[in-house]
$ cat protein_25.cif   # mmCIF, C-alpha atoms
data_model
loop_
_atom_site.group_PDB
_atom_site.id
_atom_site.type_symbol
_atom_site.label_atom_id
_atom_site.label_comp_id
_atom_site.auth_asym_id
_atom_site.auth_seq_id
_atom_site.Cartn_x
_atom_site.Cartn_y
_atom_site.Cartn_z
ATOM 1 C CA MET A 12 51.321 127.331 114.954
ATOM 2 C CA ASN A 13 53.803 127.638 117.817
ATOM 3 C CA PHE A 14 52.807 125.875 120.978
ATOM 4 C CA GLN A 15 54.705 126.955 124.072
ATOM 5 C CA LYS A 16 54.802 124.701 127.113
ATOM 6 C CA PRO A 17 53.275 126.199 130.257
ATOM 7 C CA LEU A 18 55.703 127.896 132.622
ATOM 8 C CA ILE A 19 56.692 125.672 135.533
ATOM 9 C CA ILE A 20 56.896 127.823 138.641
ATOM 10 C CA ASP A 21 56.581 125.151 141.318
ATOM 11 C CA PHE A 22 59.966 124.358 142.899
ATOM 12 C CA LYS A 23 59.026 120.790 143.908
ATOM 13 C CA VAL A 24 57.728 119.917 140.429
ATOM 14 C CA ALA A 25 60.865 121.324 138.805
ATOM 15 C CA LEU A 26 63.146 119.547 141.291
ATOM 16 C CA GLU A 27 61.392 116.204 140.799
ATOM 17 C CA LYS A 28 61.629 116.492 137.011
ATOM 18 C CA ALA A 29 65.299 117.490 137.165
ATOM 19 C CA ALA A 30 66.165 114.755 139.683
ATOM 20 C CA LYS A 31 64.650 112.095 137.399
ATOM 21 C CA TYR A 32 66.589 113.538 134.468
ATOM 22 C CA CYS A 33 69.857 113.419 136.443
ATOM 23 C CA ALA A 34 69.189 109.960 137.885
ATOM 24 C CA TYR A 35 68.912 108.440 134.410
ATOM 25 C CA GLN A 36 72.583 109.203 133.597
ATOM 26 C CA GLU A 37 75.346 111.588 134.637
ATOM 27 C CA ARG A 38 74.536 115.177 133.690
ATOM 28 C CA CYS A 39 76.378 118.469 133.877
ATOM 29 C CA HIS A 40 74.974 121.885 134.826
ATOM 30 C CA TRP A 41 74.893 122.961 131.190
ATOM 31 C CA GLU A 42 72.735 119.981 130.152
ATOM 32 C CA VAL A 43 70.336 120.577 133.040
ATOM 33 C CA GLU A 44 70.047 124.288 132.233
ATOM 34 C CA LYS A 45 69.398 123.411 128.585
ATOM 35 C CA LYS A 46 66.652 121.018 129.692
ATOM 36 C CA PHE A 47 65.152 123.729 131.921
ATOM 37 C CA ARG A 48 64.707 125.934 128.841
ATOM 38 C CA GLU A 49 63.078 123.003 127.022
ATOM 39 C CA TRP A 50 60.713 122.353 129.924
ATOM 40 C CA ASN A 51 60.032 126.088 130.318
ATOM 41 C CA ILE A 52 61.017 126.229 133.981
ATOM 42 C CA ASP A 53 60.824 129.684 135.543
ATOM 43 C CA ASP A 54 64.221 131.438 135.612
ATOM 44 C CA GLU A 55 63.761 132.426 139.242
ATOM 45 C CA ILE A 56 63.718 128.840 140.549
ATOM 46 C CA GLN A 57 66.404 127.379 138.251
ATOM 47 C CA ASP A 58 69.316 128.309 140.518
ATOM 48 C CA GLU A 59 67.509 126.920 143.566
ATOM 49 C CA VAL A 60 66.816 123.634 141.779
ATOM 50 C CA ILE A 61 70.446 123.315 140.630
ATOM 51 C CA SER A 62 71.661 124.089 144.144
ATOM 52 C CA GLU A 63 69.391 121.375 145.557
ATOM 53 C CA LEU A 64 70.550 118.890 142.889
ATOM 54 C CA ILE A 65 74.147 119.538 143.938
ATOM 55 C CA GLN A 66 73.321 119.131 147.629
ATOM 56 C CA GLN A 67 71.536 115.848 146.931
ATOM 57 C CA ASN A 68 74.510 114.736 144.795
ATOM 58 C CA PHE A 69 72.502 114.435 141.573
ATOM 59 C CA LEU A 70 74.935 116.904 139.985
ATOM 60 C CA ASN A 71 78.665 116.532 140.456
ATOM 61 C CA GLU A 72 80.914 118.134 137.836
ATOM 62 C CA GLU A 73 84.004 116.052 138.597
ATOM 63 C CA ARG A 74 82.062 112.779 138.563
ATOM 64 C CA TYR A 75 80.410 113.825 135.301
ATOM 65 C CA ALA A 76 83.769 114.648 133.677
ATOM 66 C CA LYS A 77 85.260 111.292 134.716
ATOM 67 C CA ALA A 78 82.256 109.356 133.375
ATOM 68 C CA PHE A 79 82.331 111.358 130.145
ATOM 69 C CA VAL A 80 86.049 110.655 129.638
ATOM 70 C CA ARG A 81 85.621 106.938 130.355
ATOM 71 C CA GLY A 82 82.801 106.674 127.843
ATOM 72 C CA LYS A 83 84.551 108.581 125.093
ATOM 73 C CA VAL A 84 87.835 106.674 125.499
ATOM 74 C CA ASN A 85 86.305 103.210 125.862
ATOM 75 C CA ILE A 86 83.383 103.445 123.453
ATOM 76 C CA LYS A 87 84.007 106.255 120.960
ATOM 77 C CA ARG A 88 87.819 105.951 121.075
ATOM 78 C CA TRP A 89 88.313 109.703 121.195
ATOM 79 C CA GLY A 90 91.649 111.331 121.914
ATOM 80 C CA ARG A 91 92.448 113.809 124.682
ATOM 81 C CA TYR A 92 92.059 116.962 122.550
ATOM 82 C CA LYS A 93 88.583 116.100 121.343
ATOM 83 C CA ILE A 94 87.458 115.117 124.834
ATOM 84 C CA LYS A 95 88.812 118.369 126.308
ATOM 85 C CA MET A 96 87.110 120.468 123.644
ATOM 86 C CA GLU A 97 83.777 118.730 124.173
ATOM 87 C CA LEU A 98 83.950 119.132 127.955
ATOM 88 C CA GLN A 99 84.867 122.807 127.544
ATOM 89 C CA SER A 100 81.853 123.286 125.281
ATOM 90 C CA ARG A 101 79.744 121.902 128.144
ATOM 91 C CA HIS A 102 81.231 124.541 130.495
ATOM 92 C CA ILE A 103 83.121 122.054 132.671
ATOM 93 C CA SER A 104 85.887 123.629 134.771
ATOM 94 C CA THR A 105 89.510 123.206 133.711
ATOM 95 C CA TYR A 106 90.213 121.578 137.079
ATOM 96 C CA SER A 107 87.575 118.859 136.528
ATOM 97 C CA ILE A 108 88.661 118.325 132.924
ATOM 98 C CA ASN A 109 92.313 117.878 133.892
ATOM 99 C CA LYS A 110 91.449 115.582 136.773
ATOM 100 C CA ALA A 111 89.324 113.369 134.499
ATOM 101 C CA ILE A 112 91.889 113.348 131.660
ATOM 102 C CA GLN A 113 94.578 112.179 134.115
ATOM 103 C CA GLU A 114 92.568 109.022 134.744
ATOM 104 C CA ILE A 115 92.878 107.815 131.151
ATOM 105 C CA ASP A 116 94.685 104.476 131.072
ATOM 106 C CA GLU A 117 97.660 105.168 128.798
ATOM 107 C CA GLU A 118 97.876 101.567 127.615
ATOM 108 C CA LYS A 119 94.187 101.541 126.593
ATOM 109 C CA TYR A 120 94.610 104.950 124.956
ATOM 110 C CA ILE A 121 97.497 103.763 122.751
ATOM 111 C CA LEU A 122 95.681 100.511 121.977
ATOM 112 C CA ASN A 123 92.631 102.496 120.792
ATOM 113 C CA LEU A 124 94.868 104.610 118.567
ATOM 114 C CA GLN A 125 96.539 101.507 117.126
ATOM 115 C CA GLU A 126 93.182 99.862 116.376
ATOM 116 C CA LEU A 127 91.892 103.011 114.653
ATOM 117 C CA LEU A 128 95.154 103.255 112.695
ATOM 118 C CA GLN A 129 94.974 99.635 111.580
ATOM 119 C CA LYS A 130 91.324 99.863 110.453
ATOM 120 C CA LYS A 131 91.758 103.174 108.651
ATOM 121 C CA SER A 132 95.019 102.219 106.940
ATOM 122 C CA GLN A 133 93.206 99.317 105.248
ATOM 123 C CA THR A 134 90.658 101.662 103.662
ATOM 124 C CA VAL A 135 92.851 104.661 102.783
ATOM 125 C CA ILE A 136 93.550 105.074 99.087
ATOM 126 C CA ALA A 137 96.795 106.934 98.461
ATOM 127 C CA GLN A 138 99.389 107.320 95.682
ATOM 128 C CA ASN A 139 102.344 106.880 98.026
ATOM 129 C CA ASP A 140 103.359 106.425 101.679
ATOM 130 C CA PHE A 141 103.587 110.180 102.289
ATOM 131 C CA GLU A 142 100.003 110.749 101.121
ATOM 132 C CA LYS A 143 98.806 107.752 103.160
ATOM 133 C CA LYS A 144 100.617 109.042 106.237
ATOM 134 C CA MET A 145 99.042 112.496 105.826
ATOM 135 C CA LYS A 146 95.539 111.021 105.451
ATOM 136 C CA LEU A 147 96.008 108.851 108.533
ATOM 137 C CA LEU A 148 97.420 111.814 110.473
ATOM 138 C CA LYS A 149 94.426 113.942 109.505
ATOM 139 C CA PHE A 150 91.946 111.195 110.456
ATOM 140 C CA LEU A 151 93.538 110.456 113.829
ATOM 141 C CA SER A 152 93.883 114.171 114.583
ATOM 142 C CA SER A 153 90.156 114.574 113.929
ATOM 143 C CA LYS A 154 89.588 111.886 116.577
ATOM 144 C CA GLY A 155 91.500 114.082 119.020
ATOM 145 C CA TYR A 156 94.853 112.319 119.288
ATOM 146 C CA GLU A 157 98.106 114.192 119.755
ATOM 147 C CA THR A 158 100.370 114.598 116.688
ATOM 148 C CA GLU A 159 103.474 113.204 118.416
ATOM 149 C CA ILE A 160 101.687 109.997 119.453
ATOM 150 C CA ILE A 161 100.101 109.622 116.010
ATOM 151 C CA ASN A 162 103.462 109.995 114.233
ATOM 152 C CA GLU A 163 105.079 107.500 116.583
ATOM 153 C CA GLN A 164 102.332 104.916 116.005
ATOM 154 C CA ILE A 165 102.319 105.439 112.217
ATOM 155 C CA GLU A 166 106.083 104.814 112.149
ATOM 156 C CA ASN A 167 105.654 101.725 114.359
ATOM 157 C CA TYR A 168 103.007 100.524 111.908
ATOM 158 C CA GLY A 169 105.630 100.726 109.125
ATOM 159 C CA ILE A 170 104.393 103.685 107.134
ATOM 160 C CA THR A 171 107.130 106.175 106.312
ATOM 161 C CA GLY A 172 106.947 109.285 104.251
#

$ encode --input "protein_25.cif" --output "C-alpha cells"
Amino acid sequence: MNFQKPLIIDFKVALEKAAKYCAYQERCHWEVEKKFREWNIDDEIQDEVISELIQQNFLNEERYAKAFVRGKVNIKRWGRYKIKMELQSRHISTYSINKAIQEIDEEKYILNLQELLQKKSQTVIAQNDFEKKMKLLKFLSSKGYETEIINEQIENYGITG
C-alpha cells in the first residue's frame, strides 16, 4: 500500500516549511529541492520558494560550502579531493567550492593527516614497509588527501618502501 503525501500548493505553507528546514542548519539548493520532492511540494511554486529563501538569506551557496568544508576538515578529517567531490555531487558551483577550499587551515589539514596516519599505521598488518606504505597511501587517498602530501608525511613518519 503506497501512501502519497498530499500535494502542497500553498506558497506560504511551502515557504514556512522550507525556512524552518534551512534555519536548523546550513542547506544547499540541492538538499532543499530533494526535501521538496519528499514533502510533495508543487513544482510550480518550488522556484518561487527557493528564490524567496535566497532573498531572505536562508540559502547561500558560498556560506554553505564554507560550513561544509569546516565540518568535514575539523570533524570528519576529510581531504580536499573528497570534499570537492561531495560538494560537486550537491551541485555547488566551482567558484564556491574553490573559495571554501581556500579557507582550509593548512596546519590543521596536515595535522589531521598526521593523526590519521599515526592511528592507521598502528593497525595495518603488512609483510614489509612497501606493503604498509601502499596500504596507508590507499587509506589516506580514500579520505581525500593528495598523493604528494601523503607520501611526504609517510616518509616523515619513517616508513620507506

$ resolve_selection --input "protein_25.cif" --expression "the PyMOL selection byres ((chain A and resi 101-110) around 9)" --output "compact mmCIF listing (two decimals) with C-alpha atoms, in the coordinates of the input"
# COMPACT_ATOMS: atom_id res chain seq x y z
CA CYS A 39 76.38 118.47 133.88
CA HIS A 40 74.97 121.88 134.83
CA TRP A 41 74.89 122.96 131.19
CA GLU A 42 72.74 119.98 130.15
CA GLU A 72 80.91 118.13 137.84
CA GLU A 73 84.00 116.05 138.60
CA ARG A 74 82.06 112.78 138.56
CA TYR A 75 80.41 113.82 135.30
CA ALA A 76 83.77 114.65 133.68
CA LYS A 77 85.26 111.29 134.72
CA VAL A 80 86.05 110.66 129.64
CA ILE A 94 87.46 115.12 124.83
CA LYS A 95 88.81 118.37 126.31
CA MET A 96 87.11 120.47 123.64
CA GLU A 97 83.78 118.73 124.17
CA LEU A 98 83.95 119.13 127.96
CA GLN A 99 84.87 122.81 127.54
CA SER A 100 81.85 123.29 125.28
CA ALA A 111 89.32 113.37 134.50
CA ILE A 112 91.89 113.35 131.66
CA GLN A 113 94.58 112.18 134.12
CA GLU A 114 92.57 109.02 134.74

$ resolve_selection --input "protein_25.cif" --expression "the PyMOL selection byres ((chain A and resi 15-26) around 10)" --output "list in words"
Met12, Asn13, Phe14, Glu27, Lys28, Ala29, Ala30, Lys31, Tyr32, Phe47, Arg48, Glu49, Trp50, Asn51, Ile52, Asp53, Asp54, Glu55, Ile56, Gln57, Glu59, Val60, Ile61, Glu63 and Leu64 of chain A

$ closest_residue --input "protein_25.cif" --among "A:Gln67, A:Ile115, A:Trp89, A:Asp58" --to "A:Ala34" --atoms "only C-alpha atoms"
A:Gln67

$ atom_distance --input "protein_25.cif" --atom1 "atom CA of A:Tyr35" --atom2 "atom CA of A:Val84"
21.0 Å

$ residues_near_point --input "protein_25.cif" --point "(98.6, 96.4, 106.1)" --cutoff "9 Å" --atoms "all atoms listed in the file" --output "PyMOL selection string"
chain A and resi 129+132-133+168-169

$ decode --input "protein_25.cif" --residues "stretch 138-168 of chain A" --atoms "N, CA, C and O atoms" --output "compact mmCIF listing (two decimals), in the first residue's frame"
# COMPACT_ATOMS: atom_id res chain seq x y z
N GLN A 138 53.47 -7.26 5.34
CA GLN A 138 54.67 -8.11 5.31
C GLN A 138 55.95 -7.28 5.35
O GLN A 138 56.96 -7.73 5.87
N ASN A 139 55.89 -6.09 4.76
CA ASN A 139 57.09 -5.24 4.70
C ASN A 139 56.68 -3.77 4.63
O ASN A 139 55.50 -3.44 4.57
N ASP A 140 57.69 -2.89 4.64
CA ASP A 140 57.43 -1.44 4.62
C ASP A 140 56.71 -1.00 3.35
O ASP A 140 55.85 -0.12 3.39
N PHE A 141 57.06 -1.61 2.22
CA PHE A 141 56.43 -1.23 0.95
C PHE A 141 54.92 -1.50 1.01
O PHE A 141 54.11 -0.65 0.64
N GLU A 142 54.56 -2.70 1.47
CA GLU A 142 53.15 -3.06 1.57
C GLU A 142 52.42 -2.15 2.57
O GLU A 142 51.30 -1.70 2.31
N LYS A 143 53.07 -1.84 3.67
CA LYS A 143 52.48 -0.95 4.68
C LYS A 143 52.27 0.44 4.08
O LYS A 143 51.21 1.05 4.25
N LYS A 144 53.28 0.92 3.35
CA LYS A 144 53.18 2.24 2.73
C LYS A 144 52.01 2.27 1.73
O LYS A 144 51.25 3.23 1.70
N MET A 145 51.86 1.22 0.94
CA MET A 145 50.79 1.17 -0.05
C MET A 145 49.41 1.14 0.63
O MET A 145 48.47 1.80 0.18
N LYS A 146 49.29 0.40 1.72
CA LYS A 146 48.02 0.35 2.45
C LYS A 146 47.68 1.71 3.06
O LYS A 146 46.53 2.15 3.04
N LEU A 147 48.67 2.36 3.62
CA LEU A 147 48.46 3.69 4.20
C LEU A 147 48.10 4.70 3.11
O LEU A 147 47.21 5.54 3.30
N LEU A 148 48.80 4.61 1.98
CA LEU A 148 48.53 5.50 0.85
C LEU A 148 47.09 5.33 0.36
O LEU A 148 46.37 6.30 0.14
N LYS A 149 46.67 4.07 0.25
CA LYS A 149 45.31 3.79 -0.21
C LYS A 149 44.27 4.34 0.79
O LYS A 149 43.29 4.96 0.40
N PHE A 150 44.52 4.11 2.08
CA PHE A 150 43.59 4.59 3.11
C PHE A 150 43.48 6.12 3.10
O PHE A 150 42.37 6.67 3.08
N LEU A 151 44.62 6.79 3.09
CA LEU A 151 44.61 8.25 3.15
C LEU A 151 44.07 8.86 1.85
O LEU A 151 43.43 9.91 1.87
N SER A 152 44.29 8.18 0.74
CA SER A 152 43.71 8.63 -0.53
C SER A 152 42.19 8.52 -0.47
O SER A 152 41.47 9.39 -0.99
N SER A 153 41.69 7.46 0.15
CA SER A 153 40.23 7.29 0.26
C SER A 153 39.62 8.37 1.15
O SER A 153 38.43 8.65 1.05
N LYS A 154 40.41 8.97 2.02
CA LYS A 154 39.95 10.08 2.85
C LYS A 154 40.02 11.41 2.09
O LYS A 154 39.60 12.44 2.60
N GLY A 155 40.60 11.37 0.89
CA GLY A 155 40.60 12.56 0.05
C GLY A 155 41.87 13.38 0.06
O GLY A 155 41.89 14.50 -0.46
N TYR A 156 42.94 12.85 0.62
CA TYR A 156 44.20 13.61 0.68
C TYR A 156 44.99 13.43 -0.61
O TYR A 156 44.88 12.41 -1.29
N GLU A 157 45.81 14.42 -0.91
CA GLU A 157 46.60 14.43 -2.13
C GLU A 157 47.82 13.51 -1.98
O GLU A 157 48.47 13.48 -0.94
N THR A 158 48.14 12.78 -3.05
CA THR A 158 49.22 11.79 -3.04
C THR A 158 50.55 12.38 -2.61
O THR A 158 51.28 11.76 -1.82
N GLU A 159 50.88 13.58 -3.10
CA GLU A 159 52.18 14.18 -2.76
C GLU A 159 52.29 14.43 -1.26
O GLU A 159 53.33 14.15 -0.65
N ILE A 160 51.23 14.95 -0.66
CA ILE A 160 51.23 15.24 0.78
C ILE A 160 51.28 13.94 1.58
O ILE A 160 51.99 13.85 2.58
N ILE A 161 50.55 12.94 1.12
CA ILE A 161 50.55 11.64 1.81
C ILE A 161 51.97 11.05 1.81
O ILE A 161 52.47 10.64 2.86
N ASN A 162 52.59 11.02 0.62
CA ASN A 162 53.95 10.45 0.52
C ASN A 162 54.93 11.19 1.42
O ASN A 162 55.75 10.57 2.10
N GLU A 163 54.83 12.50 1.44
CA GLU A 163 55.71 13.32 2.27
C GLU A 163 55.53 12.97 3.74
O GLU A 163 56.51 12.79 4.48
N GLN A 164 54.28 12.85 4.19
CA GLN A 164 54.01 12.56 5.59
C GLN A 164 54.38 11.12 5.97
O GLN A 164 54.86 10.88 7.08
N ILE A 165 54.21 10.18 5.05
CA ILE A 165 54.61 8.79 5.31
C ILE A 165 56.12 8.72 5.48
O ILE A 165 56.63 8.04 6.38
N GLU A 166 56.86 9.43 4.63
CA GLU A 166 58.33 9.46 4.75
C GLU A 166 58.74 10.12 6.06
O GLU A 166 59.65 9.65 6.74
N ASN A 167 58.08 11.21 6.42
CA ASN A 167 58.37 11.89 7.70
C ASN A 167 58.08 10.98 8.87
O ASN A 167 58.75 11.09 9.92
N TYR A 168 57.13 10.10 8.72
CA TYR A 168 56.74 9.16 9.78
C TYR A 168 57.77 8.03 9.90
O TYR A 168 57.78 7.31 10.88
